[in-house]
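Containing mmCIF, C-alpha atoms: protein.cif.
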data_my_file
#
loop_
_atom_site.label_atom_id
_atom_site.label_comp_id
_atom_site.auth_asym_id
_atom_site.auth_seq_id
_atom_site.Cartn_x
_atom_site.Cartn_y
_atom_site.Cartn_z
CA MET A 1 -2.81 -7.23 16.90
CA LYS A 2 -4.33 -4.85 19.42
CA GLN A 3 -5.72 -1.75 17.75
CA ASN A 4 -5.08 1.71 19.19
CA HIS A 5 -8.38 3.14 20.43
CA ILE A 6 -7.51 6.82 20.64
CA LYS A 7 -10.35 9.27 20.11
CA GLY A 8 -9.89 12.08 17.63
CA PRO A 9 -7.17 12.51 15.02
CA LYS A 10 -4.17 10.22 15.22
CA ARG A 11 -0.70 10.89 13.89
CA GLY A 12 0.82 8.50 11.40
CA VAL A 13 4.21 8.44 9.74
CA SER A 14 5.26 7.08 6.38
CA PHE A 15 8.50 5.15 6.49
CA TYR A 16 9.16 6.86 3.15
CA SER A 17 10.27 9.74 5.40
CA TYR A 18 13.31 7.65 6.28
CA SER A 19 14.36 6.98 2.68
CA ALA A 20 17.78 8.60 3.03
CA GLU A 21 18.50 6.76 6.28
CA PHE A 22 16.68 3.40 6.14
CA GLY A 23 19.12 0.56 5.65
CA PHE A 24 22.08 2.88 6.18
CA GLU A 25 21.87 4.72 9.49
CA LYS A 26 18.50 3.41 10.65
CA THR A 27 17.15 -0.09 11.08
CA LEU A 28 13.49 -1.04 10.98
CA GLU A 29 13.43 -0.89 14.76
CA ASP A 30 15.00 2.58 14.76
CA CYS A 31 12.12 3.78 12.55
CA PHE A 32 9.53 2.26 14.88
CA GLU A 33 11.25 3.88 17.86
CA ASP A 34 11.23 7.31 16.15
CA VAL A 35 7.54 6.97 15.32
CA HIS A 36 6.75 6.06 18.92
CA ASP A 37 8.92 8.88 20.31
CA MET A 38 7.04 11.50 18.28
CA GLY A 39 3.71 10.21 19.58
CA ALA A 40 2.52 8.67 16.33
CA HIS A 41 0.36 5.57 16.34
CA GLY A 42 0.18 4.52 12.70
CA ILE A 43 2.64 3.79 9.91
CA GLU A 44 2.74 3.47 6.16
CA ILE A 45 5.43 1.38 4.54
CA LEU A 46 6.56 0.96 0.97
CA ALA A 47 6.48 -2.78 0.48
CA ASN A 48 9.48 -3.20 -1.80
CA ALA A 49 11.64 -0.82 0.28
CA HIS A 50 10.79 -1.77 3.86
CA ILE A 51 10.04 -5.50 3.79
CA GLU A 52 13.14 -7.65 3.91
CA ASN A 53 13.16 -10.14 1.01
CA TYR A 54 9.98 -8.61 -0.44
CA PRO A 55 7.67 -10.16 -1.60
CA ASN A 56 8.64 -13.22 0.45
CA PRO A 57 9.66 -12.15 3.96
CA SER A 58 10.68 -14.94 6.30
CA ASP A 59 8.44 -16.05 9.14
CA SER A 60 11.02 -14.68 11.58
CA TRP A 61 10.91 -11.26 9.87
CA VAL A 62 7.10 -11.23 10.17
CA GLU A 63 7.31 -12.26 13.84
CA ASN A 64 9.76 -9.41 14.43
CA TRP A 65 7.40 -7.01 12.60
CA PHE A 66 4.59 -7.79 15.04
CA ARG A 67 7.00 -7.65 17.98
CA LEU A 68 7.99 -4.12 16.92
CA CYS A 69 4.35 -3.08 16.40
CA GLY A 70 3.55 -4.24 19.93
CA LYS A 71 6.68 -2.90 21.59
CA TYR A 72 6.26 0.57 20.10
CA GLN A 73 2.43 0.61 20.15
CA VAL A 74 2.28 1.29 16.42
CA GLU A 75 -0.47 0.12 14.10
CA PRO A 76 0.13 -0.86 10.45
CA VAL A 77 -2.15 1.57 8.60
CA GLU A 78 -1.21 1.80 4.93
CA TYR A 79 0.70 -0.61 2.72
CA GLY A 80 2.24 1.19 -0.27
CA HIS A 81 2.83 -0.96 -3.34
CA TRP A 82 2.89 -0.92 -7.14
CA VAL A 83 1.17 -3.00 -9.78
CA ASP A 84 4.02 -2.50 -12.20
CA SER A 85 2.75 -3.85 -15.48
CA HIS A 86 5.77 -2.25 -17.21
CA ILE A 87 8.28 -4.38 -15.25
CA LEU A 88 9.36 -6.45 -18.26
CA GLN A 89 11.53 -4.85 -20.93
CA ASP A 90 9.95 -6.57 -23.92
CA ARG A 91 6.23 -6.34 -23.07
CA ASP A 92 3.66 -5.20 -20.53
CA LEU A 93 2.28 -7.73 -18.09
CA THR A 94 -1.02 -9.26 -19.10
CA THR A 95 -4.10 -8.45 -17.07
CA ALA A 96 -3.90 -11.91 -15.45
CA GLU A 97 -0.23 -11.39 -14.53
CA SER A 98 -1.04 -7.97 -13.07
CA ILE A 99 -3.86 -9.48 -11.00
CA ASP A 100 -1.42 -12.10 -9.69
CA PHE A 101 1.00 -9.35 -8.60
CA LEU A 102 -1.81 -7.42 -6.94
CA GLU A 103 -3.15 -10.49 -5.14
CA ARG A 104 0.35 -11.31 -3.91
CA ASP A 105 0.51 -7.87 -2.29
CA LEU A 106 -3.01 -8.19 -0.87
CA ARG A 107 -2.00 -11.41 0.89
CA LEU A 108 1.23 -9.90 2.21
CA ALA A 109 -0.47 -6.71 3.41
CA SER A 110 -3.04 -8.79 5.28
CA ARG A 111 -0.32 -11.01 6.75
CA LEU A 112 1.36 -7.87 8.18
CA GLY A 113 -1.86 -6.47 9.66
CA PHE A 114 -2.65 -3.74 7.13
CA ARG A 115 -6.21 -3.00 6.00
CA ILE A 116 -5.55 -0.15 3.54
CA LEU A 117 -3.31 -0.37 0.50
CA ARG A 118 -1.98 2.58 -1.49
CA THR A 119 -2.28 0.74 -4.78
CA LYS A 120 -0.20 2.49 -7.45
CA MET A 121 -0.96 1.61 -11.05
CA PRO A 122 1.39 2.40 -13.92
CA VAL A 123 0.46 5.66 -15.61
CA ILE A 124 0.22 6.43 -19.31
CA THR A 125 -0.40 10.19 -19.42
CA ASP A 126 1.06 13.33 -17.91
CA ASP A 127 -2.01 13.77 -15.70
CA LEU A 128 -1.35 10.29 -14.23
CA ALA A 129 -4.12 8.32 -15.93
CA PRO A 130 -3.61 4.63 -15.15
CA VAL A 131 -3.10 1.86 -17.69
CA LEU A 132 -6.15 1.17 -19.84
CA ASN A 133 -6.88 -2.21 -18.23
CA TRP A 134 -6.86 -0.92 -14.62
CA ARG A 135 -10.56 -1.73 -14.17
CA GLU A 136 -10.04 -5.37 -15.12
CA ILE A 137 -7.00 -5.62 -12.83
CA ILE A 138 -8.87 -4.19 -9.85
CA LYS A 139 -12.03 -6.23 -10.59
CA GLY A 140 -9.91 -9.37 -10.74
CA ALA A 141 -8.49 -8.72 -7.27
CA LEU A 142 -11.71 -7.49 -5.62
CA PRO A 143 -12.90 -10.93 -4.46
CA LEU A 144 -9.66 -11.49 -2.54
CA ALA A 145 -9.69 -7.94 -1.15
CA GLU A 146 -13.25 -8.54 0.06
CA ARG A 147 -12.34 -11.85 1.72
CA LEU A 148 -9.35 -10.27 3.46
CA GLY A 149 -11.17 -7.06 4.42
CA LEU A 150 -8.75 -4.83 2.50
CA VAL A 151 -9.29 -1.54 0.69
CA MET A 152 -7.19 -0.68 -2.38
CA CYS A 153 -6.73 3.08 -2.86
CA PRO A 154 -4.99 4.68 -5.82
CA GLU A 155 -3.12 7.80 -4.75
CA ILE A 156 -4.40 11.08 -6.15
CA HIS A 157 -1.81 13.86 -6.24
CA MET A 158 -0.55 16.62 -8.48
CA PRO A 159 -0.79 17.01 -11.37
CA THR A 160 -4.08 15.08 -11.13
CA ASN A 161 -6.93 17.43 -10.25
CA LEU A 162 -9.85 16.27 -8.12
CA LYS A 163 -12.18 17.28 -10.96
CA SER A 164 -10.19 15.30 -13.53
CA LYS A 165 -11.39 12.44 -15.71
CA VAL A 166 -8.95 10.16 -13.84
CA VAL A 167 -10.70 10.77 -10.51
CA GLN A 168 -14.16 10.63 -12.10
CA ASP A 169 -13.31 7.26 -13.65
CA TYR A 170 -12.34 5.92 -10.20
CA VAL A 171 -15.54 7.29 -8.65
CA ASP A 172 -17.64 5.82 -11.48
CA PHE A 173 -15.94 2.43 -10.96
CA ILE A 174 -16.83 2.51 -7.25
CA LYS A 175 -20.45 3.39 -8.06
CA GLU A 176 -20.74 0.79 -10.84
CA THR A 177 -19.31 -2.07 -8.78
CA GLY A 178 -20.76 -1.03 -5.43
CA THR A 179 -17.48 -2.10 -3.86
CA LYS A 180 -16.33 -1.04 -0.42
CA ASN A 181 -12.86 -2.42 -1.23
CA PHE A 182 -11.70 0.30 -3.61
CA ALA A 183 -11.46 3.96 -2.57
CA LEU A 184 -9.28 7.03 -3.12
CA ASN A 185 -6.14 8.14 -1.29
CA ILE A 186 -5.98 11.93 -1.59
CA ASP A 187 -2.37 13.07 -1.16
#
If you convert what's in this file into structure tokens, what do you get?
Amino acid sequence: MKQNHIKGPKRGVSFYSYSAEFGFEKTLEDCFEDVHDMGAHGIEILANAHIENYPNPSDSWVENWFRLCGKYQVEPVEYGHWVDSHILQDRDLTTAESIDFLERDLRLASRLGFRILRTKMPVITDDLAPVLNWREIIKGALPLAERLGLVMCPEIHMPTNLKSKVVQDYVDFIKETGTKNFALNID
């Protein structure tokens, strides 16, 4: 995919903005057209909401995705997804199962041309601390993220403070591992 080489700040739009309309009044192409019409060049999608038959879109859907990116001169920027280790009613996913889910999304994000993932982990406290095994989950997926050139970024937003233990733990993880494939998404 041809990258947009615009100097200075670029406008991007999250397809989350179309939540009330997507699939009802607006198609995927309608969203691309809106983004183009407002002069934006980048998009964020929510994988399970905007990818038909997620996590297994058809080859024709993927071909259409790239056709729309080209037609509307829009670059896939951020792939929003969840590592939902609480998905089962009777137990949490194991670390290995969570890594499998994360790797599945890494492969799909790469297939669709994304390089940044807004990787949401399940939280266990009111200040949005992630599950206790988040380090092992991320470490398990780092080799694939490195091979694919992807960066996983947990989203930091209220009520999490930038000076919180949650953020410090993420920063410490980055320092300890030396990874370039895990960063922060400040909302």
How many Å lie between atom CA of Asn56 of chain A and atom CA of Trp134 of chain A, rounded to one decimal?
-> 24.9 Å
Which centre and which edge lengths, in Å to one decimal, describe the axis-aligned box that holds all listed atoms of segment 102-119 of chain A after 3 Å is added on each side, as JSON?
{"center_x": -2.4, "center_y": -4.4, "center_z": 1.4, "size_x": 13.6, "size_y": 20.0, "size_z": 22.6}
Chain and number of each residue from the PyMOL selection byres ((chain A and resi 160) around 12), as a PyMOL selection string | chain A and resi 123+125-130+154-159+161-168+186-187
May I ask for the distance between atom CA of His86 of chain A and atom CA of Arg135 of chain A, given in Å to one decimal place?
-> 16.6 Å
So which residues touch segment 6-17 of chain A within 10 Å, counting all atoms listed in the file, skipping near sequence neighbours fewer than 2 positions away, as an NGL selection string?
-> :A and (3-4 or 19-22 or 28 or 31-32 or 34-36 or 38-46 or 49-50 or 74-80)
Go through the shown structure with the PyMOL selection byres ((chain A and resi 137) around 12) and write out the matching residues as an mmCIF file with C-alpha atoms, in the frame of the given file.
data_model
loop_
_atom_site.group_PDB
_atom_site.id
_atom_site.type_symbol
_atom_site.label_atom_id
_atom_site.label_comp_id
_atom_site.auth_asym_id
_atom_site.auth_seq_id
_atom_site.Cartn_x
_atom_site.Cartn_y
_atom_site.Cartn_z
ATOM 1 C CA VAL A 83 1.170 -3.000 -9.780
ATOM 2 C CA ASP A 84 4.020 -2.500 -12.200
ATOM 3 C CA SER A 85 2.750 -3.850 -15.480
ATOM 4 C CA LEU A 93 2.280 -7.730 -18.090
ATOM 5 C CA THR A 94 -1.020 -9.260 -19.100
ATOM 6 C CA THR A 95 -4.100 -8.450 -17.070
ATOM 7 C CA ALA A 96 -3.900 -11.910 -15.450
ATOM 8 C CA GLU A 97 -0.230 -11.390 -14.530
ATOM 9 C CA SER A 98 -1.040 -7.970 -13.070
ATOM 10 C CA ILE A 99 -3.860 -9.480 -11.000
ATOM 11 C CA ASP A 100 -1.420 -12.100 -9.690
ATOM 12 C CA PHE A 101 1.000 -9.350 -8.600
ATOM 13 C CA LEU A 102 -1.810 -7.420 -6.940
ATOM 14 C CA GLU A 103 -3.150 -10.490 -5.140
ATOM 15 C CA THR A 119 -2.280 0.740 -4.780
ATOM 16 C CA LYS A 120 -0.200 2.490 -7.450
ATOM 17 C CA MET A 121 -0.960 1.610 -11.050
ATOM 18 C CA PRO A 122 1.390 2.400 -13.920
ATOM 19 C CA PRO A 130 -3.610 4.630 -15.150
ATOM 20 C CA VAL A 131 -3.100 1.860 -17.690
ATOM 21 C CA LEU A 132 -6.150 1.170 -19.840
ATOM 22 C CA ASN A 133 -6.880 -2.210 -18.230
ATOM 23 C CA TRP A 134 -6.860 -0.920 -14.620
ATOM 24 C CA ARG A 135 -10.560 -1.730 -14.170
ATOM 25 C CA GLU A 136 -10.040 -5.370 -15.120
ATOM 26 C CA ILE A 138 -8.870 -4.190 -9.850
ATOM 27 C CA LYS A 139 -12.030 -6.230 -10.590
ATOM 28 C CA GLY A 140 -9.910 -9.370 -10.740
ATOM 29 C CA ALA A 141 -8.490 -8.720 -7.270
ATOM 30 C CA LEU A 142 -11.710 -7.490 -5.620
ATOM 31 C CA PRO A 143 -12.900 -10.930 -4.460
ATOM 32 C CA MET A 152 -7.190 -0.680 -2.380
ATOM 33 C CA PHE A 182 -11.700 0.300 -3.610
#
Closest to Glu29 of chain A among A:Asn48, A:Asn53, A:Ser58, A:Asn64, using only C-alpha atoms?
-> A:Asn64
Distance in Å - atom CA of Asp105 of chain A versus atom CA of Asp172 of chain A |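 Here the two named atoms are 24.5 Å from each other.
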Give the answer as one residue: which of A:Phe173, A:Leu150, A:Cys69, A:Asp90 has the shortest atom-to-atom distance to Leu106 of chain A, using all atoms listed in the file?
->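 That would be A:Leu150, the residue with the smallest distance to Leu106 of chain A.
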Give the answer as one residue: which of A:Leu68, A:Ala47, A:Leu88, A:Leu184 has the shortest atom-to-atom distance to Phe114 of chain A, using only C-alpha atoms?
-> A:Ala47
Specify as a ChimeraX atom specification each residue included when the PyMOL selection byres ((chain A and resi 112) around 8) is applied to this file.
-> /A:62,65-66,76,108-111,113-114
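The neighbours of Lys180 of chain A here are the residues that come within 10 Å of it, using all atoms listed in the file and leaving out any residue fewer than 3 positions away in the same chain; they are Leu142, Ala145, Glu146, Gly149, Leu150, Val151, Met152, Ile174, Lys175, Thr177 and Ala183 of chain A.
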